[in-house]
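data07.tsv (TSV, C-alpha atoms) appears below.
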chain	number	residue	atom	x	y	z
A	296	GLN	CA	85.20	13.66	57.08
A	297	ALA	CA	81.70	15.10	56.64
A	298	GLU	CA	82.83	16.96	53.53
A	299	ALA	CA	84.18	13.72	52.06
A	300	GLU	CA	80.89	11.89	52.62
A	301	GLU	CA	78.93	14.73	50.96
A	302	GLU	CA	81.17	14.60	47.89
A	303	ASP	CA	80.65	10.81	47.62
A	304	CYS	CA	76.84	11.20	47.68
A	305	HIS	CA	76.99	13.92	45.04
A	306	SER	CA	79.08	11.74	42.76
A	307	ASP	CA	76.58	8.84	43.13
A	308	LEU	CA	73.67	11.10	42.08
A	309	VAL	CA	75.56	12.29	39.02
A	310	ARG	CA	76.26	8.70	37.96
A	311	THR	CA	72.57	7.77	38.37
A	312	GLU	CA	71.44	10.73	36.22
A	313	ASP	CA	73.99	9.81	33.54
A	314	ASN	CA	72.66	6.23	33.45
A	315	GLU	CA	69.01	7.41	33.03
A	316	ARG	CA	69.68	9.93	30.27
A	317	PRO	CA	70.25	7.39	27.40
A	318	GLY	CA	66.82	5.76	28.03
A	319	GLU	CA	65.06	9.12	28.05
A	320	ALA	CA	66.85	10.12	24.88
A	321	ASN	CA	65.69	6.94	23.09
A	322	LEU	CA	62.10	7.50	24.23
A	323	GLN	CA	62.10	11.11	23.07
A	324	ALA	CA	63.49	10.05	19.69
A	325	GLU	CA	60.74	7.47	19.24
A	326	LEU	CA	58.06	10.03	20.11
A	327	GLN	CA	59.48	12.56	17.67
A	328	MET	CA	59.53	10.03	14.81
A	329	PHE	CA	55.97	8.91	15.59
A	330	ARG	CA	54.71	12.51	15.59
A	331	ALA	CA	56.47	13.21	12.30
A	332	GLN	CA	54.93	10.13	10.65
A	333	TRP	CA	51.48	10.97	12.04
A	334	MET	CA	51.64	14.56	10.76
A	335	PHE	CA	52.79	13.32	7.35
A	336	GLU	CA	49.77	10.99	7.05
A	337	LEU	CA	47.40	13.84	7.89
A	338	VAL	CA	48.51	15.83	4.85
A	339	PRO	CA	45.56	16.08	2.32
A	340	GLY	CA	45.90	13.77	-0.66
A	341	VAL	CA	48.10	11.26	1.14
A	342	SER	CA	46.42	7.94	1.91
A	343	SER	CA	47.52	5.46	4.50
A	344	SER	CA	48.12	2.82	1.82
A	345	SER	CA	50.59	5.05	-0.07
A	346	VAL	CA	52.63	5.83	3.01
A	347	GLU	CA	55.29	3.35	3.88
A	348	THR	CA	55.80	2.74	7.54
A	349	ARG	CA	59.06	4.37	8.51
A	350	PRO	CA	61.16	2.05	10.61
A	351	TYR	CA	62.42	3.48	13.83
A	352	ARG	CA	64.66	2.08	16.44
A	353	ALA	CA	63.10	0.92	19.62
A	354	SER	CA	64.86	-0.29	22.62
A	355	ALA	CA	62.26	-2.95	23.34
A	356	ARG	CA	59.15	-4.12	21.39
A	357	GLY	CA	56.35	-5.45	23.50
A	358	PRO	CA	53.36	-7.61	22.42
A	359	ALA	CA	51.20	-4.50	21.86
A	360	VAL	CA	53.63	-3.17	19.21
A	361	LYS	CA	53.72	-6.54	17.43
A	362	ALA	CA	49.90	-6.74	17.38
A	363	THR	CA	49.74	-3.25	15.87
A	364	ASP	CA	52.19	-4.25	13.12
A	365	THR	CA	50.15	-7.37	12.31
A	366	LYS	CA	46.92	-5.37	12.13
A	367	GLY	CA	48.54	-2.81	9.85
A	368	LYS	CA	49.74	-5.52	7.49
A	369	GLN	CA	46.23	-7.00	7.34
A	370	GLU	CA	44.72	-3.60	6.48
A	371	LEU	CA	47.27	-3.08	3.72
A	372	ALA	CA	46.49	-6.54	2.32
A	373	LYS	CA	42.75	-5.76	2.29
A	374	GLU	CA	43.29	-2.44	0.51
A	375	GLU	CA	45.50	-4.09	-2.08
A	376	LYS	CA	42.90	-6.82	-2.70
A	377	ALA	CA	40.09	-4.25	-3.04
A	378	ARG	CA	42.17	-2.23	-5.50
A	379	GLU	CA	42.85	-5.36	-7.55
A	380	LEU	CA	39.15	-6.30	-7.69
A	381	PHE	CA	38.16	-2.76	-8.63
A	382	LEU	CA	40.62	-2.62	-11.52
A	383	LYS	CA	39.45	-6.03	-12.68
A	384	ALA	CA	35.80	-4.89	-12.65
A	385	VAL	CA	36.71	-1.79	-14.65
A	386	GLU	CA	38.49	-3.95	-17.21
A	387	GLN	CA	35.53	-6.33	-17.47
A	388	GLU	CA	33.12	-3.40	-17.87
A	389	GLN	CA	35.21	-1.89	-20.65
A	390	ASN	CA	35.28	-5.21	-22.45
A	391	GLY	CA	31.50	-5.55	-22.08
A	392	ALA	CA	31.70	-8.98	-20.50
A	393	LEU	CA	29.34	-8.30	-17.59
A	394	TYR	CA	25.94	-8.51	-19.29
A	395	GLU	CA	27.11	-10.40	-22.38
A	396	ALA	CA	27.81	-13.37	-20.14
A	397	LEU	CA	24.07	-13.65	-19.44
A	398	PRO	CA	21.84	-15.74	-21.72
A	399	MET	CA	19.65	-13.70	-24.04
A	400	GLU	CA	16.48	-15.11	-22.43
A	401	VAL	CA	17.54	-13.86	-18.98
A	402	LEU	CA	18.46	-10.44	-20.36
A	403	MET	CA	15.11	-10.04	-22.13
A	404	TYR	CA	13.30	-11.13	-18.96
A	405	ILE	CA	15.07	-8.31	-17.10
A	406	PHE	CA	13.93	-5.87	-19.80
A	407	ARG	CA	10.33	-7.05	-19.36
A	408	TRP	CA	10.63	-6.28	-15.67
A	409	VAL	CA	11.83	-2.78	-16.58
A	410	VAL	CA	8.73	-2.24	-18.73
A	411	SER	CA	6.58	-3.94	-16.05
A	412	SER	CA	2.83	-4.41	-16.13
A	413	ASP	CA	2.42	-0.60	-15.99
A	414	LEU	CA	3.85	-0.29	-19.53
A	415	ASP	CA	6.73	1.98	-18.54
A	416	LEU	CA	8.20	2.26	-22.04
A	417	ARG	CA	9.87	5.53	-21.06
A	418	SER	CA	12.30	3.62	-18.81
A	419	LEU	CA	12.94	1.17	-21.65
A	420	GLU	CA	13.94	4.05	-23.94
A	421	GLN	CA	16.30	5.40	-21.28
A	422	LEU	CA	17.79	1.93	-20.82
A	423	SER	CA	18.54	1.75	-24.54
A	424	LEU	CA	20.91	4.73	-24.18
A	425	VAL	CA	23.36	2.74	-22.03
A	426	CYS	CA	25.18	0.87	-24.79
A	427	ARG	CA	24.74	-0.70	-28.20
A	428	GLY	CA	23.74	-4.07	-26.75
A	429	PHE	CA	20.98	-2.55	-24.63
A	430	TYR	CA	19.80	-0.54	-27.63
A	431	ILE	CA	19.34	-3.73	-29.65
A	432	CYS	CA	17.50	-5.46	-26.79
A	433	ALA	CA	15.22	-2.46	-26.24
A	434	ARG	CA	14.19	-2.54	-29.92
A	435	ASP	CA	13.02	-6.14	-29.71
A	436	PRO	CA	9.70	-6.27	-31.65
A	437	GLU	CA	8.16	-8.76	-29.21
A	438	ILE	CA	8.28	-6.29	-26.30
A	439	TRP	CA	6.57	-3.58	-28.31
A	440	ARG	CA	4.02	-6.04	-29.74
A	441	GLN	CA	2.98	-7.14	-26.25
A	442	ALA	CA	2.66	-3.49	-25.20
A	443	CYS	CA	0.40	-2.75	-28.19
A	444	LEU	CA	-1.77	-5.79	-27.49
A	445	LYS	CA	-2.21	-4.68	-23.90
A	446	VAL	CA	-3.38	-1.21	-24.99
A	447	TRP	CA	-5.57	-1.94	-28.04
A	448	GLY	CA	-6.24	-5.66	-27.80
A	449	ARG	CA	-7.29	-7.46	-30.97
A	450	SER	CA	-7.70	-4.23	-32.91
A	451	CYS	CA	-3.93	-3.97	-33.38
A	452	ASN	CA	-3.31	-7.31	-35.09
A	453	LYS	CA	-2.33	-5.51	-38.29
A	454	LEU	CA	0.60	-3.12	-38.46
A	455	VAL	CA	-0.83	-1.12	-41.37
A	456	PRO	CA	-0.26	1.83	-41.70
A	457	TYR	CA	2.70	1.60	-39.27
A	458	ASN	CA	6.11	0.17	-40.10
A	459	SER	CA	6.83	-1.41	-36.69
A	460	TRP	CA	5.19	-2.16	-33.35
A	461	ARG	CA	7.25	0.56	-31.73
A	462	GLU	CA	6.02	3.12	-34.25
A	463	MET	CA	2.42	2.04	-33.58
A	464	PHE	CA	2.83	2.45	-29.82
A	465	LEU	CA	4.39	5.90	-30.19
A	466	GLU	CA	2.18	7.29	-32.96
A	467	ARG	CA	-1.26	5.76	-32.43
A	468	PRO	CA	-3.51	7.78	-30.06
A	469	ARG	CA	-3.80	6.22	-26.59
A	470	VAL	CA	-4.28	7.25	-22.99
A	471	ARG	CA	-1.19	7.58	-20.85
A	472	PHE	CA	-0.56	5.49	-17.74
A	473	ASP	CA	2.40	7.22	-16.07
A	474	GLY	CA	0.41	10.06	-14.55
A	475	VAL	CA	-3.00	11.64	-13.93
A	476	TYR	CA	-5.40	13.68	-16.07
A	477	ILE	CA	-6.47	16.73	-14.04
A	478	SER	CA	-8.99	19.52	-14.62
A	479	LYS	CA	-9.75	22.56	-12.49
A	480	THR	CA	-13.19	24.19	-12.46
A	481	THR	CA	-13.95	27.61	-10.99
A	482	TYR	CA	-17.34	29.32	-10.75
A	483	ILE	CA	-19.08	32.08	-8.78
A	484	ARG	CA	-22.02	31.23	-6.53
A	485	GLN	CA	-24.33	33.70	-4.82
A	486	GLY	CA	-24.60	33.49	-1.08
A	487	GLU	CA	-27.37	34.46	1.28
A	488	GLN	CA	-28.50	38.05	1.54
A	489	SER	CA	-27.22	40.05	4.50
A	490	LEU	CA	-29.50	40.86	7.42
A	491	ASP	CA	-29.77	44.52	6.51
A	492	GLY	CA	-30.54	43.63	2.88
A	493	PHE	CA	-27.93	45.95	1.38
A	494	TYR	CA	-25.69	43.35	-0.28
A	495	ARG	CA	-25.51	39.68	-1.21
A	496	ALA	CA	-22.25	37.75	-0.76
A	497	LEU	CA	-20.54	36.01	-3.70
A	498	HIS	CA	-18.51	32.82	-3.22
A	499	GLN	CA	-15.79	31.60	-5.56
A	500	VAL	CA	-15.88	27.81	-5.70
A	501	GLU	CA	-12.98	25.68	-6.99
A	502	TYR	CA	-12.82	21.93	-7.40
A	503	TYR	CA	-10.72	19.38	-9.29
A	504	ARG	CA	-11.43	16.27	-11.33
A	505	TYR	CA	-8.82	13.50	-11.42
A	506	MET	CA	-8.75	10.55	-13.81
A	507	ARG	CA	-6.15	7.82	-13.88
A	508	PHE	CA	-6.06	5.00	-16.43
A	509	PHE	CA	-4.46	1.57	-16.01
A	510	PRO	CA	-3.19	-0.77	-18.76
A	511	ASP	CA	-5.60	-3.54	-17.72
A	512	GLY	CA	-8.62	-1.42	-18.72
A	513	GLN	CA	-9.52	0.00	-15.32
A	514	VAL	CA	-9.98	3.69	-14.55
A	515	MET	CA	-10.34	5.81	-11.42
A	516	MET	CA	-12.14	9.16	-11.15
A	517	LEU	CA	-12.33	11.56	-8.23
A	518	THR	CA	-14.03	14.95	-7.84
A	519	THR	CA	-12.82	16.92	-4.83
A	520	PRO	CA	-11.82	20.45	-3.76
A	521	GLU	CA	-8.44	19.17	-2.52
A	522	GLU	CA	-5.36	20.19	-4.50
A	523	PRO	CA	-3.18	17.75	-6.48
A	524	GLN	CA	-0.35	17.79	-3.91
A	525	SER	CA	-2.52	15.86	-1.45
A	526	ILE	CA	-4.60	13.75	-3.87
A	527	VAL	CA	-2.13	12.47	-6.49
A	528	PRO	CA	-0.16	10.22	-4.04
A	529	ARG	CA	-3.41	8.43	-3.16
A	530	LEU	CA	-4.01	7.48	-6.79
A	531	ARG	CA	-0.88	5.37	-7.10
A	532	THR	CA	-2.74	2.07	-6.63
A	533	LYS	CA	-6.27	0.90	-7.26
A	534	ASN	CA	-6.68	-0.12	-3.62
A	535	THR	CA	-6.99	3.43	-2.35
A	536	ARG	CA	-8.90	4.21	0.83
A	537	THR	CA	-10.52	7.37	-0.49
A	538	ASP	CA	-14.28	6.94	-0.08
A	539	ALA	CA	-15.43	9.35	-2.79
A	540	ILE	CA	-13.43	7.69	-5.56
A	541	LEU	CA	-15.21	6.07	-8.52
A	542	LEU	CA	-13.90	2.87	-10.12
A	543	GLY	CA	-14.75	1.36	-13.49
A	544	HIS	CA	-13.58	0.24	-16.92
A	545	TYR	CA	-12.80	2.08	-20.14
A	546	ARG	CA	-12.20	1.31	-23.80
A	547	LEU	CA	-10.71	3.17	-26.75
A	548	SER	CA	-12.70	3.72	-29.93
A	549	GLN	CA	-11.33	5.13	-33.18
A	550	ASP	CA	-13.92	6.45	-35.62
A	551	THR	CA	-13.66	6.86	-39.36
A	552	ASP	CA	-12.67	10.50	-38.91
A	553	ASN	CA	-9.50	9.34	-37.08
A	554	GLN	CA	-10.72	10.81	-33.80
A	555	THR	CA	-10.00	8.60	-30.81
A	556	LYS	CA	-12.63	8.55	-28.09
A	557	VAL	CA	-12.54	7.13	-24.57
A	558	PHE	CA	-15.72	5.60	-23.15
A	559	ALA	CA	-15.88	4.68	-19.48
A	560	VAL	CA	-18.43	3.28	-17.04
A	561	ILE	CA	-17.64	4.06	-13.42
A	562	MET	CA	-19.41	3.56	-10.11
A	563	LYS	CA	-18.80	4.06	-6.43
A	564	LYS	CA	-17.08	1.37	-4.42
A	565	LYS	CA	-19.58	-1.01	-2.86
A	566	GLU	CA	-19.72	-0.96	0.91
A	567	GLU	CA	-20.89	-3.88	3.02
A	568	LYS	CA	-24.07	-2.97	4.85
A	569	PRO	CA	-24.33	-4.10	8.49
A	570	ILE	CA	-27.06	-6.58	9.34
A	571	ASP	CA	-30.01	-5.00	11.17
A	572	TYR	CA	-30.89	-6.73	14.43
A	573	HIS	CA	-34.26	-5.67	15.88
A	574	LYS	CA	-35.39	-6.00	19.45
A	575	TYR	CA	-38.89	-7.11	18.58
A	576	ARG	CA	-39.46	-10.28	16.60
A	577	TYR	CA	-42.39	-9.03	14.57
A	578	PHE	CA	-40.88	-5.66	13.81
A	579	ARG	CA	-41.75	-4.72	10.24
A	580	ARG	CA	-39.85	-2.17	8.23
A	581	VAL	CA	-40.55	-0.89	4.75
A	582	PRO	CA	-37.78	-2.38	2.57
A	583	VAL	CA	-35.62	0.06	0.63
A	584	GLN	CA	-35.21	-0.67	-3.06
A	585	GLU	CA	-31.70	-1.74	-3.93
A	586	THR	CA	-30.17	0.18	-6.81
A	587	ASP	CA	-27.00	0.23	-8.86
A	588	HIS	CA	-25.74	3.73	-9.58
A	589	SER	CA	-23.22	4.19	-12.38
A	590	PHE	CA	-21.93	7.02	-14.56
A	591	HIS	CA	-21.28	6.81	-18.30
A	592	ILE	CA	-18.55	9.09	-19.63
A	593	GLY	CA	-17.43	9.95	-23.17
A	594	LEU	CA	-14.16	11.81	-23.79
A	595	GLN	CA	-12.21	12.79	-26.88
A	596	LEU	CA	-8.45	12.24	-26.82
A	597	CYS	CA	-6.41	15.15	-28.19
A	598	SER	CA	-2.88	16.52	-28.23
A	599	SER	CA	-1.93	20.05	-27.25
A	600	GLY	CA	1.40	21.79	-27.46
A	601	ARG	CA	4.47	19.59	-27.65
A	602	GLN	CA	2.99	16.76	-25.62
A	603	ARG	CA	1.00	13.99	-27.22
A	604	PHE	CA	-2.31	12.53	-26.04
A	605	ASN	CA	-2.32	14.85	-23.02
A	606	LYS	CA	-5.83	16.32	-23.30
A	607	LEU	CA	-9.30	14.85	-22.73
A	608	VAL	CA	-12.33	16.86	-23.87
A	609	TRP	CA	-15.77	16.09	-22.45
A	610	MET	CA	-18.37	14.78	-24.90
A	611	HIS	CA	-20.92	12.93	-22.77
A	612	HIS	CA	-21.76	12.47	-19.10
A	613	SER	CA	-24.86	10.70	-17.78
A	614	SER	CA	-26.13	9.01	-14.63
A	615	HIS	CA	-27.72	5.53	-14.74
A	616	ILE	CA	-29.77	4.22	-11.81
A	617	THR	CA	-30.93	0.61	-12.13
A	618	TYR	CA	-33.54	-0.80	-9.73
A	619	LYS	CA	-32.76	-4.44	-8.98
A	620	SER	CA	-36.33	-5.39	-8.11
A	621	THR	CA	-37.82	-4.35	-11.45
A	622	GLY	CA	-34.76	-4.09	-13.69
A	623	GLU	CA	-35.73	-0.61	-14.84
A	624	THR	CA	-33.03	1.98	-15.51
A	625	ALA	CA	-33.43	5.72	-15.10
A	626	VAL	CA	-31.02	7.77	-17.21
A	627	SER	CA	-30.18	11.41	-16.53
A	628	SER	CA	-27.88	13.21	-18.97
A	629	PHE	CA	-25.88	16.27	-17.96
A	630	ASP	CA	-25.39	19.25	-20.23
A	631	ILE	CA	-21.77	19.67	-21.26
A	632	ASP	CA	-21.12	23.34	-20.57
A	633	LYS	CA	-18.33	25.50	-19.18
A	634	MET	CA	-18.36	23.48	-15.97
A	635	TYR	CA	-16.81	20.56	-17.84
A	636	THR	CA	-13.31	21.87	-18.44
A	637	PRO	CA	-10.80	19.67	-20.34
A	638	LEU	CA	-8.51	17.37	-18.39
A	639	PHE	CA	-4.77	17.77	-18.97
A	640	PHE	CA	-2.15	15.12	-18.31
A	641	ALA	CA	0.45	15.49	-15.54
A	642	ARG	CA	3.26	12.93	-15.34
A	643	VAL	CA	3.94	11.45	-11.89
A	644	LYS	CA	7.38	9.84	-11.49
A	645	SER	CA	6.43	7.84	-8.41
A	646	PHE	CA	3.86	5.83	-10.40
A	647	THR	CA	6.66	4.04	-12.29
A	648	ALA	CA	9.26	3.91	-9.50
A	649	PHE	CA	8.53	0.24	-8.71
A	650	SER	CA	7.69	-2.83	-10.78
A	651	GLU	CA	5.18	-5.31	-9.41
A	652	LYS	CA	4.93	-7.67	-12.41
A	653	PRO	CA	6.85	-8.15	-15.66
A	654	LEU	CA	5.34	-7.38	-19.04
Could you render the structure as structure tokens?
Amino acid sequence: QAEAEEEDCHSDLVRTEDNERPGEANLQAELQMFRAQWMFELVPGVSSSSVETRPYRASARGPAVKATDTKGKQELAKEEKARELFLKAVEQEQNGALYEALPMEVLMYIFRWVVSSDLDLRSLEQLSLVCRGFYICARDPEIWRQACLKVWGRSCNKLVPYNSWREMFLERPRVRFDGVYISKTTYIRQGEQSLDGFYRALHQVEYYRYMRFFPDGQVMMLTTPEEPQSIVPRLRTKNTRTDAILLGHYRLSQDTDNQTKVFAVIMKKKEEKPIDYHKYRYFRRVPVQETDHSFHIGLQLCSSGRQRFNKLVWMHHSSHITYKSTGETAVSSFDIDKMYTPLFFARVKSFTAFSEKPL
């Protein structure tokens, strides 16, 4: 009897295992198909949009599976819409309908912003290389006429001997605004004699002069021993915080011998003096005479090498001190010698990276 009961229990266990095996087999099949699809999508060059979801049999689909299917369909719809818009944009660009849909006045206003108040005609020339329509807009005589008027003023009312305003701007001598004129001066100075009297030290002194011109007629000048890497970024705007900088105005003058000269009057930035408050009421102090100190500079504009208008040669440098109380002016002229080395132009890309005002 005990043997019979043991056989019955064994048969029940076998039936239970047989009933569980089909469910396990279905689950294993689903996992295998999912792994195969996942590995196929990981192959390089195969995108998720190009892979069709392989249907597989599932014994039961819960809400999580349905939500995943809905999300996948939404992603496919987004990718298809993005692809459609991209192809449409490419077609419109090939047909040239993007900028041609703009009115000519709006397009020319954009071009004036490209030139900006800094007269960045270099960017305008690069813009003309985009297409034929941009080339025609960049050759508009009005843009080049306004640029010439801003540089030379009333002296450029006549085109003679130039054929166009663009030719005048490119050929007529002028100072450049997209960089800085820099000169480096080096000299030897004797030091103090040693204590034993056997030798005297010699010092090599180096300093730089920087000049930057603006289209509105203003100029900045700075003399310092600091190298260009640290000084040039400070000269981007006229509102620099450098104390030793000199500000002023300049003008161009063309003589009968076709030599263009640059004359400038510069002075140090005026600082507000604090009001003196004295402890004693009847304190008397000898008043200091108020003066205006300015420098007058004369330079000759030249070209060297392949670059044009990239060299400034010193012609005149003097100091003017005017006493406000009497109106008298004391003038001291400096001798132009080897210490006044020519200034050479260095283009600075960051000066024309932004536009503050249109032309």
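The interatomic distance for the pair atom CA of Leu607 of chain A and atom CA of Met562 of chain A works out to 19.7 Å.
Coordinates place atom CA of Leu397 of chain A at a distance of 18.0 Å from atom CA of Val385 of chain A.
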### Message
If we count all atoms listed in the file and set the cut-off at 9 Å, which residues sit around His544 of chain A, ignoring sequence neighbours fewer than 5 positions away in its own chain? Please answer as a PyMOL selection string.
### Response
chain A and resi 508+511-515+558-561
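Of note, atom CA of Val446 of chain A and atom CA of Arg469 of chain A are spaced 7.6 Å apart.
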### Contact residues around Ala539 of chain A with all atoms listed in the file at 10 Å, ignoring same-chain residues under 5 positions, as a list in words
Met516, Leu517, Thr518, Thr519, Lys563 and Lys564 of chain A
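Minimum atom-to-atom distances from A:Glu395, A:Asp415, A:Glu370, A:Glu375 to Lys644 of chain A were compared using all atoms listed in the file, and the lowest value belongs to A:Asp415.
With only C-alpha atoms as the atoms that count, the minimum distance from Val470 of chain A to the choices A:Lys606, A:Lys633, A:Arg407, A:His615 is reached by A:Lys606.
For the set A:Ala641, A:Ile592, A:Cys426, A:Ala442, the residue with the smallest atom-to-atom gap to Pro523 of chain A is A:Ala641, counting only C-alpha atoms.
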Would you compute an axis-aligned box for segment 632-651 of chain A, covering every atom listed for it in the file with 4 Å of margin on each side, and report centre and edge lengths in Å to one decimal as JSON?
{"center_x": -5.9, "center_y": 10.1, "center_z": -14.5, "size_x": 38.4, "size_y": 38.8, "size_z": 20.2}
